Structures are given as structure tokens and as C-alpha cells.
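See below for entry28.txt, which holds compact mmCIF, C-alpha atoms.
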```
# COMPACT_ATOMS: atom_id res chain seq x y z
CA MET A 1 96.53 78.41 112.19
CA GLU A 2 96.42 81.55 110.03
CA ILE A 3 98.32 81.79 106.73
CA VAL A 4 98.70 85.09 104.88
CA PHE A 5 99.58 84.79 101.19
CA GLU A 6 100.74 87.40 98.71
CA SER A 7 101.64 86.27 95.20
CA LEU A 8 101.15 82.51 95.23
CA GLY A 9 97.40 82.76 95.35
CA PRO A 10 94.95 80.71 97.40
CA GLU A 11 94.76 77.73 95.06
CA THR A 12 98.53 77.22 95.10
CA VAL A 13 98.59 77.49 98.89
CA LYS A 14 95.74 75.00 99.17
CA ALA A 15 97.57 72.59 96.86
CA LEU A 16 100.74 72.81 98.93
CA LEU A 17 98.84 72.25 102.16
CA GLY A 18 96.87 69.39 100.67
CA LYS A 19 99.94 67.21 100.31
CA LYS A 20 99.83 66.26 103.98
CA PHE A 21 97.05 65.38 106.38
CA SER A 22 96.37 67.68 109.29
CA ASN A 23 93.73 67.93 111.98
CA ARG A 24 94.38 71.64 112.51
CA GLN A 25 92.03 74.29 111.21
CA ILE A 26 93.80 76.55 108.72
CA ARG A 27 92.46 79.96 107.71
CA LEU A 28 93.78 81.66 104.58
CA PHE A 29 94.05 85.44 104.25
CA SER A 30 95.47 87.54 101.44
CA LEU A 31 97.90 90.34 102.26
CA SER A 32 95.35 92.97 101.23
CA GLY A 33 92.18 91.09 102.14
CA ILE A 34 90.90 91.00 98.55
CA ASP A 35 89.04 88.23 96.72
CA GLY A 36 87.23 87.07 99.83
CA TYR A 37 90.35 86.16 101.79
CA ALA A 38 89.83 88.77 104.47
CA PHE A 39 89.12 89.00 108.18
CA ASN A 40 85.86 90.89 108.75
CA SER A 41 86.32 92.46 105.28
CA ALA A 42 89.82 93.69 106.16
CA PRO A 43 93.43 92.44 105.98
CA TYR A 44 94.24 90.11 108.87
CA TYR A 45 97.48 91.98 109.59
CA PHE A 46 98.55 95.55 108.92
CA PRO A 47 99.67 95.21 105.25
CA LYS A 48 102.82 97.27 105.76
CA LEU A 49 103.95 94.87 108.50
CA VAL A 50 103.36 91.81 106.31
CA LYS A 51 105.26 93.39 103.43
CA GLN A 52 108.20 93.97 105.76
CA ALA A 53 108.07 90.35 106.90
CA LEU A 54 108.08 89.08 103.32
CA GLU A 55 110.86 91.38 102.16
CA GLU A 56 113.29 90.51 104.95
CA ALA A 57 112.55 86.78 105.26
CA THR A 58 115.53 84.43 105.04
CA ARG A 59 115.56 80.67 104.55
CA GLY A 60 116.20 78.55 107.63
CA ASP A 61 117.86 75.14 107.86
CA ASP A 62 114.43 73.54 107.47
CA GLY A 63 113.87 75.29 104.14
CA ILE A 64 111.18 77.60 105.54
CA MET A 65 111.44 81.37 105.05
CA TYR A 66 111.48 83.25 108.36
CA PRO A 67 111.18 87.01 108.99
CA ALA A 68 113.55 88.62 111.48
CA ALA A 69 112.76 87.86 115.11
CA ASP A 70 111.75 91.46 115.81
CA THR A 71 109.20 91.38 112.98
CA ARG A 72 107.85 88.05 114.20
CA LEU A 73 107.54 89.65 117.63
CA GLN A 74 105.48 92.47 116.11
CA LEU A 75 103.27 90.03 114.21
CA LEU A 76 102.55 88.14 117.41
CA ALA A 77 101.88 91.37 119.31
CA PHE A 78 99.45 92.39 116.57
CA HIS A 79 97.73 89.01 116.73
CA MET A 80 97.43 89.13 120.51
CA LEU A 81 95.94 92.62 120.55
CA PHE A 82 93.50 92.36 117.67
CA HIS A 83 92.83 88.65 117.11
CA GLY A 84 94.05 86.81 120.16
CA GLU A 85 91.94 86.87 123.27
CA GLN A 86 89.94 88.89 125.77
CA PHE A 87 92.57 89.95 128.29
CA ALA A 88 91.47 89.62 131.90
CA ASN A 89 94.29 91.81 133.20
CA LEU A 90 95.70 94.60 131.05
CA ASP A 91 98.68 95.01 133.37
CA ASP A 92 99.78 91.37 133.33
CA ILE A 93 99.56 89.21 130.21
CA SER A 94 101.72 86.38 131.54
CA SER A 95 98.68 84.08 131.66
CA SER A 96 98.13 84.45 127.90
CA LYS A 97 98.49 81.25 125.90
CA TYR A 98 100.86 83.19 123.63
CA PHE A 99 103.13 84.49 126.37
CA GLY A 100 105.67 81.67 126.13
CA GLU A 101 106.11 82.24 122.40
CA LEU A 102 106.26 85.99 123.01
CA ALA A 103 109.09 85.55 125.51
CA ILE A 104 111.07 83.37 123.09
CA LEU A 105 110.72 85.86 120.23
CA ALA A 106 111.68 88.76 122.49
CA GLN A 107 114.81 86.90 123.56
CA GLN A 108 115.70 86.11 119.94
CA ALA A 109 115.18 89.77 119.03
CA GLY A 110 117.35 90.90 121.94
CA GLN A 111 114.51 92.86 123.51
CA PRO A 112 112.72 92.78 126.86
CA CYS A 113 109.55 90.74 126.76
CA PRO A 114 106.34 92.81 126.87
CA VAL A 115 104.49 91.99 130.07
CA ASN A 116 101.36 94.12 129.65
CA ILE A 117 99.06 95.54 127.01
CA ALA A 118 100.71 98.96 127.02
CA GLN A 119 104.08 97.42 126.12
CA LEU A 120 102.55 95.42 123.25
CA GLU A 121 100.96 98.60 121.93
CA LYS A 122 104.19 100.57 122.36
CA ARG A 123 106.11 98.03 120.29
CA LEU A 124 103.70 98.45 117.38
CA HIS A 125 103.56 102.23 117.71
CA GLU A 126 107.35 102.55 117.73
CA SER A 127 107.68 100.47 114.57
CA GLY A 128 104.88 102.34 112.78
CA HIS A 129 102.74 99.22 112.58
CA PHE A 130 99.89 100.08 114.92
CA PRO A 131 96.72 99.97 112.79
CA SER A 132 94.63 103.01 111.99
CA ARG A 133 91.33 103.50 113.73
CA ASP A 134 89.33 102.66 110.60
CA LEU A 135 91.08 99.29 110.33
CA ILE A 136 90.55 98.65 114.04
CA GLY A 137 86.85 99.19 113.39
CA PHE A 138 86.79 96.00 111.32
CA TYR A 139 88.72 94.07 113.97
CA SER A 140 86.27 95.20 116.65
CA ARG A 141 83.35 93.23 115.25
CA ASN A 142 82.39 90.61 117.84
CA ASN A 143 85.46 91.59 119.87
CA PRO A 144 84.50 93.52 123.03
CA PHE A 145 88.13 93.95 124.10
CA VAL A 146 89.12 95.75 120.89
CA THR A 147 85.98 97.90 121.00
CA GLN A 148 86.48 98.99 124.60
CA GLN A 149 90.24 99.44 124.34
CA TYR A 150 90.54 101.33 121.07
CA LEU A 151 87.22 102.76 119.90
CA ARG A 152 86.33 105.27 122.58
CA LYS A 153 84.05 107.80 120.90
CA GLU A 154 85.12 111.43 121.26
CA PHE A 155 83.03 113.17 118.60
CA LYS A 156 79.40 113.49 117.59
CA PRO A 157 78.47 112.67 113.97
CA GLY A 158 79.18 115.36 111.40
CA LEU A 159 82.88 115.23 110.49
CA ALA A 160 84.03 113.31 107.41
CA THR A 161 87.15 112.85 105.34
CA LEU A 162 87.03 111.67 101.75
CA PHE A 163 89.82 110.79 99.36
CA ILE A 164 89.96 110.52 95.58
CA ARG A 165 92.07 107.53 94.59
CA ASP A 166 94.51 107.32 91.70
CA PHE A 167 92.66 105.66 88.85
CA PRO A 168 94.21 107.33 85.76
CA GLU A 169 91.35 106.31 83.49
CA GLN A 170 88.85 108.07 85.80
CA THR A 171 90.41 111.54 85.95
CA THR A 172 87.44 113.15 84.18
CA LEU A 173 85.37 112.38 87.29
CA HIS A 174 87.51 114.44 89.64
CA GLU A 175 85.62 117.70 89.10
CA PRO A 176 82.15 116.06 89.31
CA ILE A 177 83.24 114.44 92.59
CA LYS A 178 84.40 117.77 93.99
CA ASN A 179 81.18 119.48 92.90
CA TYR A 180 79.04 116.74 94.45
CA LEU A 181 80.80 117.02 97.80
CA ARG A 182 80.53 120.81 97.80
CA LYS A 183 76.79 120.47 97.19
CA HIS A 184 76.05 117.86 99.87
CA PHE A 185 78.57 118.85 102.56
CA GLN A 186 80.32 121.91 103.81
CA VAL A 187 83.85 121.36 102.50
CA VAL A 188 85.99 122.78 105.30
CA ALA A 189 89.34 122.13 103.62
CA GLU A 190 90.70 120.26 100.61
CA GLY A 191 93.90 119.72 98.73
CA PRO A 192 96.14 117.42 96.69
CA ILE A 193 98.26 114.66 98.18
CA THR A 194 101.87 114.84 97.06
CA ASN A 195 105.40 113.77 97.99
CA GLU A 196 106.01 112.92 101.66
CA LEU A 197 102.38 113.50 102.61
CA GLY A 198 101.38 110.93 100.02
CA THR A 199 103.58 108.28 101.57
CA MET A 200 102.33 109.04 105.08
CA VAL A 201 98.67 109.00 104.06
CA ALA A 202 99.04 105.86 101.96
CA ASP A 203 100.76 104.05 104.83
CA GLN A 204 98.37 105.02 107.60
CA ILE A 205 94.87 105.76 106.29
CA ARG A 206 92.61 102.87 105.23
CA GLY A 207 94.91 100.54 107.11
CA GLY A 208 97.62 101.30 104.57
CA ASN A 209 95.71 99.12 102.14
CA TRP A 210 94.97 100.68 98.73
CA PHE A 211 95.07 97.44 96.79
CA VAL A 212 92.49 97.04 94.01
CA ASN A 213 93.11 93.54 92.67
CA GLN A 214 95.93 91.35 91.40
CA MET A 215 95.75 92.90 87.93
CA ALA A 216 95.36 96.58 88.80
CA GLY A 217 97.68 96.73 91.81
CA GLU A 218 97.27 99.72 94.11
CA ALA A 219 95.35 102.98 93.73
CA PRO A 220 96.61 105.33 96.47
CA PRO A 221 94.87 108.59 97.42
CA ILE A 222 95.73 111.72 95.45
CA TYR A 223 93.27 114.32 96.78
CA TRP A 224 91.66 114.89 100.19
CA PHE A 225 88.57 116.61 101.59
CA VAL A 226 87.62 117.45 105.15
CA CYS A 227 83.85 117.91 105.25
CA TYR A 228 81.24 118.97 107.78
CA ASP A 229 77.65 117.78 107.75
CA PRO A 230 75.48 120.00 109.98
CA ASP A 231 72.57 117.57 109.68
CA PRO A 232 73.94 114.00 109.78
CA GLN A 233 71.49 111.25 108.91
CA ARG A 234 70.67 108.29 111.12
CA VAL A 235 72.22 105.06 109.86
CA THR A 236 69.73 102.38 108.81
CA LYS A 237 69.78 98.99 110.51
CA LYS A 238 70.87 97.29 107.29
CA ILE A 239 73.82 99.62 106.83
CA ALA A 240 74.73 99.33 110.51
CA ARG A 241 75.14 95.58 110.07
CA ASN A 242 77.65 96.12 107.25
CA TYR A 243 79.25 99.27 108.66
CA PRO A 244 78.94 98.93 112.45
CA THR A 245 81.04 102.02 113.20
CA CYS A 246 79.32 104.31 110.66
CA ASP A 247 77.63 107.33 112.28
CA ASN A 248 76.20 109.20 109.28
CA MET A 249 74.09 107.70 106.49
CA ARG A 250 74.98 110.57 104.17
CA ILE A 251 78.57 109.34 104.05
CA VAL A 252 77.43 105.94 102.81
CA THR A 253 74.99 107.25 100.21
CA SER A 254 77.54 109.78 98.94
CA LYS A 255 80.29 107.20 98.69
CA ARG A 256 78.04 104.77 96.86
CA HIS A 257 76.81 107.41 94.45
CA LEU A 258 80.30 108.62 93.59
CA ARG A 259 81.57 105.09 93.11
CA SER A 260 78.67 104.33 90.79
CA LEU A 261 79.96 107.03 88.44
CA ALA A 262 83.25 105.19 87.93
CA ARG A 263 83.27 102.00 85.86
CA ASP A 264 86.09 99.86 84.53
CA ASP A 265 86.25 98.29 81.07
CA ALA A 266 84.10 95.40 82.26
CA GLY A 267 81.44 97.76 83.56
CA GLU A 268 82.25 97.03 87.20
CA THR A 269 82.09 99.78 89.83
CA VAL A 270 85.44 101.34 90.70
CA ARG A 271 86.07 102.41 94.28
CA ILE A 272 87.37 105.78 93.24
CA VAL A 273 86.44 107.39 96.57
CA HIS A 274 87.40 106.34 100.08
CA ALA A 275 85.51 107.86 103.00
CA SER A 276 85.79 107.74 106.77
CA ASP A 277 82.98 105.89 108.54
CA ASN A 278 82.58 108.25 111.47
CA SER A 279 83.76 111.50 113.02
CA ASP A 280 86.42 109.84 115.16
CA ASP A 281 87.99 108.11 112.17
CA ALA A 282 87.79 111.39 110.28
CA TYR A 283 89.63 113.28 113.01
CA GLU A 284 92.39 110.69 113.06
CA ASN A 285 92.75 111.31 109.32
CA VAL A 286 92.87 115.04 110.00
CA ARG A 287 95.82 114.43 112.32
CA ILE A 288 97.57 112.22 109.77
CA LEU A 289 97.12 114.98 107.20
CA GLY A 290 98.68 117.42 109.68
CA LEU A 291 95.60 119.66 109.74
CA GLU A 292 94.87 119.93 113.48
CA GLY A 293 95.94 123.58 113.36
CA ASN A 294 93.62 124.54 110.50
CA GLU A 295 91.34 127.20 111.99
CA ASN A 296 88.25 126.16 110.02
CA ILE A 297 88.67 122.54 111.05
CA LYS A 298 89.31 123.52 114.67
CA ARG A 299 86.00 125.39 114.81
CA VAL A 300 84.08 122.41 113.43
CA VAL A 301 85.83 119.94 115.72
CA ALA A 302 85.17 122.07 118.79
CA GLY A 303 81.44 121.89 118.13
CA LEU A 304 81.47 118.11 117.71
CA ARG A 305 83.73 117.12 120.58
CA ILE A 306 81.97 115.16 123.31
CA PHE A 307 84.75 115.40 125.89
CA ASP A 308 86.75 118.47 126.82
CA VAL A 309 90.50 118.10 126.33
```

So that I can check it, write out the structure of this file as C-alpha cells.
Amino acid sequence: MEIVFESLGPETVKALLGKKFSNRQIRLFSLSGIDGYAFNSAPYYFPKLVKQALEEATRGDDGIMYPAADTRLQLLAFHMLFHGEQFANLDDISSSKYFGELAILAQQAGQPCPVNIAQLEKRLHESGHFPSRDLIGFYSRNNPFVTQQYLRKEFKPGLATLFIRDFPEQTTLHEPIKNYLRKHFQVVAEGPITNELGTMVADQIRGGNWFVNQMAGEAPPIYWFVCYDPDPQRVTKKIARNYPTCDNMRIVTSKRHLRSLARDDAGETVRIVHASDNSDDAYENVRILGLEGNENIKRVVAGLRIFDV
């Protein structure tokens, strides 16, 4: 059993669960995956989907708060695709141990029951709750199905996207960050994140998760860079264990250096910069930013593409 908590905190949840005996294994996850309550260093569910479930939940006759049936259907679809099982047949999921529950939720939601992987994916895409590629990268660890289904590599190393996050007390670092990136990469395009673009980027990139901690809240992105590295560095074995989808060591060293410049009042490092792990993640971010038509980016992408499209 998986339980995702938001504001109660893990100790309160543990205390509530401890009032009764159970022989079921229970795993606790925070909405944002912070404070060690994460799945492979990431939120267990797409945070935007969990927020929706919490906001719309109503109390049932048993006193338990329940999200709408359609949202519960999406949560189960998400679980089946990214945490559930290794599907033997992508075109027929009726043998899944979750199929009976899926059929019940679909009926309650007044929708046809998904009968294959494509229909599960479509349900999440239509609702805007299909996770970004960078978040899927975390789910893919030790999960061959997720890796094969969603992480097909289309680009050679060399493309990167980086984002400055909104930490008001760190604004003096913005220019040094820009200068560092211009020195160590070819900055193909850059710009501020405002208005509708800000909402779209915040919802989709980094799994829609810009949470810092319970005290600080969120620090969404406010400035973007699309960079090209003509000489990407091989990733070390140690880094590959922690960042299995990373394809360029320079991204890691740059991100770590820039974060080391930012410190909070306690002297702790502030994650002021978010960076893509690989060229494929970076290109997805390019699409989210609406930059596929940028001529400079198109030239770089054409040289890195593995497959003709």
C-alpha cells in the first residue's frame, strides 16, 4: 500500500496508522518527494495530479476523503504505467491484477474502461497528467518496461536546457550564472519565463515539482537557457549510478558549481539551477518552451538527431 501525504507530515501519518495492527507493507511518500519520502528520488505521482485529488476530495459515508472517480482512475492508470507491473501484452491489459479495480473506477467515472496501454496513456495525456520525460527517467530505474516504452533515445549528447529558479534572496547570482553558462557552453537561446509560459513550464518541466521544503514552499523557474556543448564529456561511473540517464558530465559539474554559489541563511546549498540530464530531456523542454521553430536551435538539433524524422 502506498500513501502520499501533503501537510500532515510523516510522523502524524505514522501515528494514525500505528493505532491498528496490519500485516500489509505501507510505503509513505510526500507529495513533492522531499525529506526522503520519495520514489527513486522523485515524487511517486505527478504532483499536479495529487494536488487535484486533494483539492476535490469529498468525505464519504465512512469518513474517508475520496477524490472524484475520474481522478482516481487517472491515479490508478499512472500507477499501472509507472509503478505497477511489466506488461506482457501492450494491447490487452485485462490480465493485470489492477484491471478489476480499473473497470470499477471507469464505470463510476462514466467512461469506457481502458483495455490497453495506449488507452491508459491517452487518459493521462488528455488530462495533462502524463509525466515529463525527466520525471520518467527516475521511474525507469530498475523498470525495463518504463525504459523501453518511454525513453527511446533520439539525440546524441550535446543539447542542454537550464533554468534559474525563483529564489529572491539569490538574485545577485543571476548574472554570474549567465556568464558561467556563456563561457562553458554555446548558449543558443535564452529568455525570461513570464505569464502563461511560466505556468506551462512550471507544470510540465521537472515533473511539475519545484518544491524546496515545507518552510520555503516552491521556487519555480524564471529564466531559461538552451545550450549546445560541441564536446560533451563522458559521464563517470559514480555519476551514472546517481544519474542513470545523464549523457554529459559537463551538465553535472556545471549544475553543481552553480548551486555551490547559492547558500541559504544556514549555509546550505540552494538548488538555484535546474538542468536537463540529457539531450532528449532537453529537446522535450524545448518543445514545452515553444522553441521548435527557433532557427538556431533547429540547426543544433539537426546535427544531434540520431533518427531522421

Inset, instruction - Using CA of Ala103 (chain A) and CA of Thr147 (chain A) as the two end points, give the distance in Å to one decimal. - result: 26.6 Å

Legend entry - Which of A:Val270, A:Cys227, A:Ala77, A:Ile164 sits closest to Lys183 (chain A) [using all atoms listed in the file]: A:Cys227

Inset, instruction - Give me, please, the distance in Å between CA of Phe155 (chain A) and CA of Met80 (chain A), quoted to one decimal. - result: 28.1 Å

Inset, instruction - Give the answer as one residue: which of A:Glu154, A:Ser140, A:Ile272, A:Gly60 has the shortest atom-to-atom distance to Arg305 (chain A), using all atoms listed in the file? - result: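 The closest residue to Arg305 (chain A) is A:Glu154.
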
Within 12 Å of region 168-179 of chain A, which residues of region 196-246 of chain A show up? Give each one with its shortest atom-to-atom distance in Å (one decimal) and the two atoms involved, counting only C-alpha atoms, rows by chain then rising residue number, as a Markdown table.
```
| residue | atom | partner | partner_atom | distance |
| --- | --- | --- | --- | --- |
| A:Ala216 | CA | A:Pro168 | CA | 11.2 |
| A:Glu218 | CA | A:Pro168 | CA | 11.7 |
| A:Ala219 | CA | A:Pro168 | CA | 9.2 |
| A:Pro220 | CA | A:Pro168 | CA | 11.2 |
| A:Pro221 | CA | A:Pro168 | CA | 11.7 |
| A:Ile222 | CA | A:His174 | CA | 10.4 |
| A:Tyr223 | CA | A:His174 | CA | 9.2 |
| A:Trp224 | CA | A:Lys178 | CA | 10.0 |
| A:Phe225 | CA | A:Lys178 | CA | 8.7 |
| A:Val226 | CA | A:Lys178 | CA | 11.6 |
| A:Cys227 | CA | A:Lys178 | CA | 11.3 |
```

Legend entry - Nearest residue to Asn285 (chain A) from the set A:Gln204, A:Asn89, A:Thr194, A:Ser127 (distances using only C-alpha atoms):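 Ranking A:Gln204, A:Asn89, A:Thr194, A:Ser127 by distance to Asn285 (chain A), first place goes to A:Gln204.
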
Inset, instruction - For CA of His83 (chain A) and CA of Asn143 (chain A), determine how far apart the two atoms are, in Å to one decimal place. - result: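 Result for CA of His83 (chain A) versus CA of Asn143 (chain A): 8.4 Å, one decimal.
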
Inset, instruction - Compile the contact shell of Asp134 (chain A) as a PyMOL selection string: residues with an atom at most 8 Å away, counting all atoms listed in the file, same-chain residues fewer than 6 positions apart removed. - result: chain A and resi 205-207+276-277+281

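Restricting the calculation to all atoms listed in the file, the smallest distance between Leu289 (chain A) and any of A:Met249, A:Ile93, A:Leu197, A:Ala202 is found for A:Leu197.
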
Inset, instruction - Would you be able to write out as an MDAnalysis selection string which residues have an atom within 8 Å of (105.7, 98.7, 108.8) in the file's coordinates, counting all atoms listed in the file? - result: chainID A and resid 46:52 127:129
